[in-house]
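The structure appears below as structure tokens.
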Amino acid sequence: NAGVTQTPKFQVLKTGQSMTLQCAQDMNHNSMYWYRQDPGMGLRLIYYSASEGTTDKGEVPNGYNVSRLNKREFSLRLESAAPSQTSVYFCASRGTGIWLAGGAEQFFGPGTRLTVL
Amino acid sequence: AQSVAQPEDQVNVAEGNPLTVKCTYSVSGNPYLFWYVQYPNRGLQFLLKYITGDNLVKGSYGFEAEFNKSQTSFHLKKPSALVSDSALYFCAVRVPALGSSNTGKLIFGQGTTLQVKP
């Protein structure tokens, strides 16, 4: 199993350009998440999808959109990139078990390092 | 407000010595607590979790963590540090979604860099 995969690994954009970050998981997980990681701020949740067909905003959703294409794939789109969106973006997925019984931990992809000039 | 705090930006320890990385939390209801590790240019890896049961939980790579409800803490520990333990460590707490026991999301601390010197 590849686990959680993300493409691209690196990207440089100019202000105002758009792009889509791709994420896929092969663990048959229901829940998927997008985070951004900035120095000294830990990981902040952008959007998440508790199950196929649903998406919800996290802490920092402004400037982003998401699509849960199917159970495997969850993409993050920047419609008009801004320098403040320079960050490392991580996708994660969580198993189907209920939190109490197990399946609580999230599995992370390798990240996409995005620079907006 | 629900939050996680890691009071130390960096922890330095000599190889072979015990290590502690601190975490405190604030959450309504029963806390579900996690530790993750991040090596350079990699994604986060799960180390251990506390959901219920024994306050001392054991995880990967010889790490353990102690849940202390009265002090609202979940400190990460290891009896004997290795140079290879040097990495960025994150504590996280689950924030449950209203009306559901099976959704919810994680809030992460800002991370603590562990430096183990030979």
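How things are named: the first chain in the structure tokens is A, the next is B, and so on; residues count from 1 in each chain; ligands count from 1 in the order shown.
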Show me, as a VMD selection string, the residues that have an atom within 9 Å of range 75-86 of chain B when counting only C-alpha atoms, minus same-chain residues fewer than 4 positions from it. chain B and resid 13 to 24 35 39 61 to 68 91 113 to 118
Once you have the residues from the selection above, write them out as a short mmCIF file (atom, residue, chain, number, x, y, z; two decimals), in the first residue's frame, restricted to N, CA and C atoms.
```cif
data_model
loop_
_atom_site.label_atom_id
_atom_site.label_comp_id
_atom_site.auth_asym_id
_atom_site.auth_seq_id
_atom_site.Cartn_x
_atom_site.Cartn_y
_atom_site.Cartn_z
N VAL B 13 18.90 17.23 24.79
CA VAL B 13 19.22 16.17 25.73
C VAL B 13 20.41 15.37 25.18
N ALA B 14 21.20 14.84 26.07
CA ALA B 14 22.34 14.02 25.66
C ALA B 14 21.87 12.59 25.42
N GLU B 15 22.49 11.94 24.45
CA GLU B 15 22.15 10.56 24.13
C GLU B 15 22.30 9.70 25.38
N GLY B 16 21.31 8.83 25.60
CA GLY B 16 21.33 7.95 26.75
C GLY B 16 20.59 8.50 27.95
N ASN B 17 20.35 9.80 27.96
CA ASN B 17 19.59 10.41 29.06
C ASN B 17 18.10 10.32 28.79
N PRO B 18 17.29 10.41 29.85
CA PRO B 18 15.84 10.42 29.63
C PRO B 18 15.40 11.75 29.03
N LEU B 19 14.31 11.68 28.27
CA LEU B 19 13.79 12.91 27.68
C LEU B 19 12.32 13.07 28.02
N THR B 20 11.90 14.33 28.09
CA THR B 20 10.48 14.67 28.27
C THR B 20 10.15 15.83 27.35
N VAL B 21 9.07 15.69 26.61
CA VAL B 21 8.54 16.78 25.79
C VAL B 21 7.14 17.08 26.33
N LYS B 22 6.92 18.33 26.69
CA LYS B 22 5.72 18.67 27.45
C LYS B 22 4.55 19.08 26.54
N CYS B 23 3.35 18.76 27.03
CA CYS B 23 2.12 19.14 26.33
C CYS B 23 1.02 19.35 27.35
N THR B 24 0.32 20.46 27.23
CA THR B 24 -0.89 20.68 28.04
C THR B 24 -2.03 20.97 27.10
N TRP B 35 0.37 11.97 20.03
CA TRP B 35 1.69 12.48 19.72
C TRP B 35 2.09 11.99 18.33
N TYR B 39 10.06 13.94 10.85
CA TYR B 39 11.47 14.02 10.46
C TYR B 39 11.60 15.01 9.32
N TYR B 61 8.80 3.16 18.88
CA TYR B 61 10.19 3.56 19.07
C TYR B 61 10.57 3.76 20.54
N GLY B 62 9.87 3.10 21.46
CA GLY B 62 10.19 3.19 22.88
C GLY B 62 9.63 4.40 23.59
N PHE B 63 8.82 5.18 22.91
CA PHE B 63 8.20 6.35 23.53
C PHE B 63 6.98 5.95 24.36
N GLU B 64 6.72 6.75 25.38
CA GLU B 64 5.52 6.60 26.19
C GLU B 64 5.05 7.98 26.59
N ALA B 65 3.81 8.05 27.03
CA ALA B 65 3.26 9.34 27.45
C ALA B 65 2.35 9.11 28.64
N GLU B 66 2.33 10.10 29.52
CA GLU B 66 1.53 9.99 30.72
C GLU B 66 0.40 11.01 30.70
N PHE B 67 -0.81 10.53 30.77
CA PHE B 67 -1.99 11.38 30.82
C PHE B 67 -2.24 11.78 32.28
N ASN B 68 -2.35 13.07 32.53
CA ASN B 68 -2.63 13.56 33.87
C ASN B 68 -3.83 14.49 33.79
N CYS B 91 2.06 17.48 19.65
CA CYS B 91 0.97 16.99 20.46
C CYS B 91 -0.33 17.45 19.81
N THR B 113 11.00 20.97 18.91
CA THR B 113 12.14 20.34 18.28
C THR B 113 12.98 19.64 19.34
N LEU B 114 13.17 18.36 19.16
CA LEU B 114 14.01 17.58 20.06
C LEU B 114 15.38 17.40 19.42
N GLN B 115 16.41 17.82 20.12
CA GLN B 115 17.78 17.66 19.66
C GLN B 115 18.49 16.74 20.64
N VAL B 116 18.93 15.58 20.15
CA VAL B 116 19.68 14.64 20.98
C VAL B 116 21.12 14.66 20.51
N LYS B 117 22.02 15.00 21.42
CA LYS B 117 23.44 15.13 21.05
C LYS B 117 24.22 13.91 21.52
N PRO B 118 25.19 13.49 20.69
CA PRO B 118 25.97 12.28 21.05
C PRO B 118 26.80 12.50 22.31
#
```
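For chain B, the residues within 7 Å of chain A are Arg42, Gly43, Leu44, Gln45, Phe46, Ile51, Asn102, Thr103, Phe108, Gly109, Gln110 and Gly111 of chain B, with only C-alpha atoms used to measure distance.
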Hey, can you spit out that residue selection with N, CA, C and O atoms as a PDB file, in the first residue's frame?
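Written out: selection.pdb:
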```pdb
ATOM      1  N   ARG B  42       9.561  15.327   5.765  1.00  0.00           N
ATOM      2  CA  ARG B  42       8.653  14.193   5.753  1.00  0.00           C
ATOM      3  C   ARG B  42       7.298  14.608   6.325  1.00  0.00           C
ATOM      4  O   ARG B  42       7.153  15.643   6.960  1.00  0.00           O
ATOM      5  N   GLY B  43       6.311  13.742   6.111  1.00  0.00           N
ATOM      6  CA  GLY B  43       5.021  13.954   6.748  1.00  0.00           C
ATOM      7  C   GLY B  43       5.063  13.521   8.204  1.00  0.00           C
ATOM      8  O   GLY B  43       6.069  13.031   8.700  1.00  0.00           O
ATOM      9  N   LEU B  44       3.965  13.717   8.909  1.00  0.00           N
ATOM     10  CA  LEU B  44       3.895  13.337  10.315  1.00  0.00           C
ATOM     11  C   LEU B  44       3.650  11.839  10.459  1.00  0.00           C
ATOM     12  O   LEU B  44       2.896  11.252   9.678  1.00  0.00           O
ATOM     13  N   GLN B  45       4.288  11.263  11.465  1.00  0.00           N
ATOM     14  CA  GLN B  45       4.082   9.854  11.772  1.00  0.00           C
ATOM     15  C   GLN B  45       3.453   9.727  13.154  1.00  0.00           C
ATOM     16  O   GLN B  45       3.902  10.375  14.095  1.00  0.00           O
ATOM     17  N   PHE B  46       2.473   8.880  13.287  1.00  0.00           N
ATOM     18  CA  PHE B  46       1.795   8.646  14.555  1.00  0.00           C
ATOM     19  C   PHE B  46       2.725   7.910  15.518  1.00  0.00           C
ATOM     20  O   PHE B  46       3.390   6.939  15.142  1.00  0.00           O
ATOM     21  N   ILE B  51      -6.838   7.372  24.601  1.00  0.00           N
ATOM     22  CA  ILE B  51      -8.273   7.498  24.375  1.00  0.00           C
ATOM     23  C   ILE B  51      -8.998   7.264  25.703  1.00  0.00           C
ATOM     24  O   ILE B  51      -9.836   8.060  26.125  1.00  0.00           O
ATOM     25  N   ASN B 102     -18.365  10.166  16.143  1.00  0.00           N
ATOM     26  CA  ASN B 102     -17.451   9.583  15.177  1.00  0.00           C
ATOM     27  C   ASN B 102     -16.858  10.593  14.213  1.00  0.00           C
ATOM     28  O   ASN B 102     -16.204  10.229  13.266  1.00  0.00           O
ATOM     29  N   THR B 103     -17.079  11.854  14.428  1.00  0.00           N
ATOM     30  CA  THR B 103     -16.395  12.847  13.618  1.00  0.00           C
ATOM     31  C   THR B 103     -15.529  13.675  14.548  1.00  0.00           C
ATOM     32  O   THR B 103     -15.159  13.246  15.624  1.00  0.00           O
ATOM     33  N   PHE B 108      -3.532  20.830  16.729  1.00  0.00           N
ATOM     34  CA  PHE B 108      -2.128  20.533  16.997  1.00  0.00           C
ATOM     35  C   PHE B 108      -1.478  21.650  17.799  1.00  0.00           C
ATOM     36  O   PHE B 108      -1.809  22.829  17.641  1.00  0.00           O
ATOM     37  N   GLY B 109      -0.523  21.256  18.648  1.00  0.00           N
ATOM     38  CA  GLY B 109       0.357  22.237  19.251  1.00  0.00           C
ATOM     39  C   GLY B 109       1.326  22.770  18.208  1.00  0.00           C
ATOM     40  O   GLY B 109       1.362  22.302  17.068  1.00  0.00           O
ATOM     41  N   GLN B 110       2.146  23.739  18.621  1.00  0.00           N
ATOM     42  CA  GLN B 110       3.031  24.387  17.650  1.00  0.00           C
ATOM     43  C   GLN B 110       4.287  23.580  17.365  1.00  0.00           C
ATOM     44  O   GLN B 110       5.042  23.917  16.464  1.00  0.00           O
ATOM     45  N   GLY B 111       4.487  22.507  18.117  1.00  0.00           N
ATOM     46  CA  GLY B 111       5.627  21.633  17.861  1.00  0.00           C
ATOM     47  C   GLY B 111       6.818  21.940  18.757  1.00  0.00           C
ATOM     48  O   GLY B 111       7.048  23.095  19.149  1.00  0.00           O
TER      49      GLY B 111
END
```
Find the residues near Leu69 in chain A: any atom within 9 Å, counting only C-alpha atoms, skip ones fewer than 3 places away on the same chain, and give them as a PyMOL selection string. chain A and resi 52-53+72-75
Selection export as a compact mmCIF listing (two decimals), in the first residue's frame, atoms kept: N, CA, C and O atoms:
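New file selection_7.txt:
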```txt
# COMPACT_ATOMS: atom_id res chain seq x y z
N GLU A 52 -17.27 10.52 2.10
CA GLU A 52 -17.45 10.84 0.69
C GLU A 52 -18.72 11.66 0.53
O GLU A 52 -19.76 11.33 1.07
N GLY A 53 -18.59 12.78 -0.18
CA GLY A 53 -19.75 13.62 -0.43
C GLY A 53 -19.94 14.75 0.55
O GLY A 53 -20.84 15.58 0.38
N ARG A 72 -11.38 7.88 -2.41
CA ARG A 72 -9.92 7.87 -2.39
C ARG A 72 -9.30 9.26 -2.46
O ARG A 72 -8.22 9.48 -1.94
N GLU A 73 -9.95 10.20 -3.14
CA GLU A 73 -9.29 11.44 -3.53
C GLU A 73 -9.92 12.68 -2.93
O GLU A 73 -11.15 12.82 -2.89
N PHE A 74 -9.05 13.59 -2.50
CA PHE A 74 -9.50 14.83 -1.85
C PHE A 74 -8.54 15.92 -2.31
O PHE A 74 -7.38 15.92 -1.93
N SER A 75 -9.03 16.85 -3.14
CA SER A 75 -8.14 17.86 -3.71
C SER A 75 -8.36 19.21 -3.06
O SER A 75 -9.45 19.53 -2.56
```
Strand (DSSP E) residues, from DSSP on the backbone, in range 27-102 of chain A, as number ranges by chain: A: 31-37, 43-49, 56-57, 64-68, 74-78, 87-94
Mind checking which residues fall within 8 Å of Ser80 in chain A, counting only C-alpha atoms, ignoring those fewer than 4 positions away in the same chain, and posting them as a PDB file with C-alpha atoms, in the first residue's frame?
```pdb
ATOM      1  CA  THR A  15       0.454  35.879  -7.159  1.00  0.00           C
ATOM      2  CA  GLY A  16      -2.959  35.419  -8.716  1.00  0.00           C
ATOM      3  CA  GLN A  17      -2.276  32.061 -10.326  1.00  0.00           C
ATOM      4  CA  SER A  18      -4.424  29.065  -9.519  1.00  0.00           C
ATOM      5  CA  GLY A  63      -8.694  31.376  -0.071  1.00  0.00           C
TER       6      GLY A  63
END
```
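Counting from CA of Asn65 in chain A, the distance to CA of Arg77 in chain A is 5.1 Å.
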Atom pair CA of Met32 in chain A + CA of Pro61 in chain A, distance 14.9 Å
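Shell of Ser3 in chain B at 8 Å, with only C-alpha atoms counted and residues fewer than 6 places along the chain excluded, is Tyr25, Ser26, Val27, Val93, Ile107, Phe108 and Gly109 of chain B.
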Just N, CA, C and O atoms for this one: save the residues we selected as an mmCIF file, in the first residue's frame.
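Contents of result-v3.cif, as written:
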```
data_model
loop_
_atom_site.group_PDB
_atom_site.id
_atom_site.type_symbol
_atom_site.label_atom_id
_atom_site.label_comp_id
_atom_site.auth_asym_id
_atom_site.auth_seq_id
_atom_site.Cartn_x
_atom_site.Cartn_y
_atom_site.Cartn_z
ATOM 1 N N TYR B 25 -3.253 20.727 27.545
ATOM 2 C CA TYR B 25 -4.400 20.856 26.660
ATOM 3 C C TYR B 25 -5.564 21.508 27.396
ATOM 4 O O TYR B 25 -5.623 21.533 28.623
ATOM 5 N N SER B 26 -6.486 21.997 26.579
ATOM 6 C CA SER B 26 -7.744 22.525 27.100
ATOM 7 C C SER B 26 -8.827 22.089 26.128
ATOM 8 O O SER B 26 -8.821 22.494 24.961
ATOM 9 N N VAL B 27 -9.726 21.229 26.599
ATOM 10 C CA VAL B 27 -10.783 20.717 25.721
ATOM 11 C C VAL B 27 -11.986 20.359 26.582
ATOM 12 O O VAL B 27 -11.832 19.930 27.719
ATOM 13 N N VAL B 93 -4.912 17.216 20.102
ATOM 14 C CA VAL B 93 -6.101 16.811 20.845
ATOM 15 C C VAL B 93 -7.290 16.804 19.898
ATOM 16 O O VAL B 93 -7.404 17.642 18.998
ATOM 17 N N ILE B 107 -6.646 19.317 16.840
ATOM 18 C CA ILE B 107 -5.935 20.590 17.000
ATOM 19 C C ILE B 107 -4.521 20.240 17.424
ATOM 20 O O ILE B 107 -4.316 19.456 18.366
ATOM 21 N N PHE B 108 -3.532 20.830 16.729
ATOM 22 C CA PHE B 108 -2.128 20.533 16.997
ATOM 23 C C PHE B 108 -1.478 21.650 17.799
ATOM 24 O O PHE B 108 -1.809 22.829 17.641
ATOM 25 N N GLY B 109 -0.523 21.256 18.648
ATOM 26 C CA GLY B 109 0.357 22.237 19.251
ATOM 27 C C GLY B 109 1.326 22.770 18.208
ATOM 28 O O GLY B 109 1.362 22.302 17.068
#
```
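Residues with any atom within 6 Å of Tyr47 in chain A, counting only C-alpha atoms and excluding same-chain neighbours fewer than 4 positions away, are Trp34, Asp56, Lys57 and Gly58 of chain A.
Using only C-alpha atoms, the smallest distance between any of B:Thr72, B:Gln6, B:Gln38, B:Ser60 and Leu88 in chain B comes from B:Gln38.
Here CA of Leu33 in chain B stands at a distance of 6.5 Å from CA of Arg94 in chain B.
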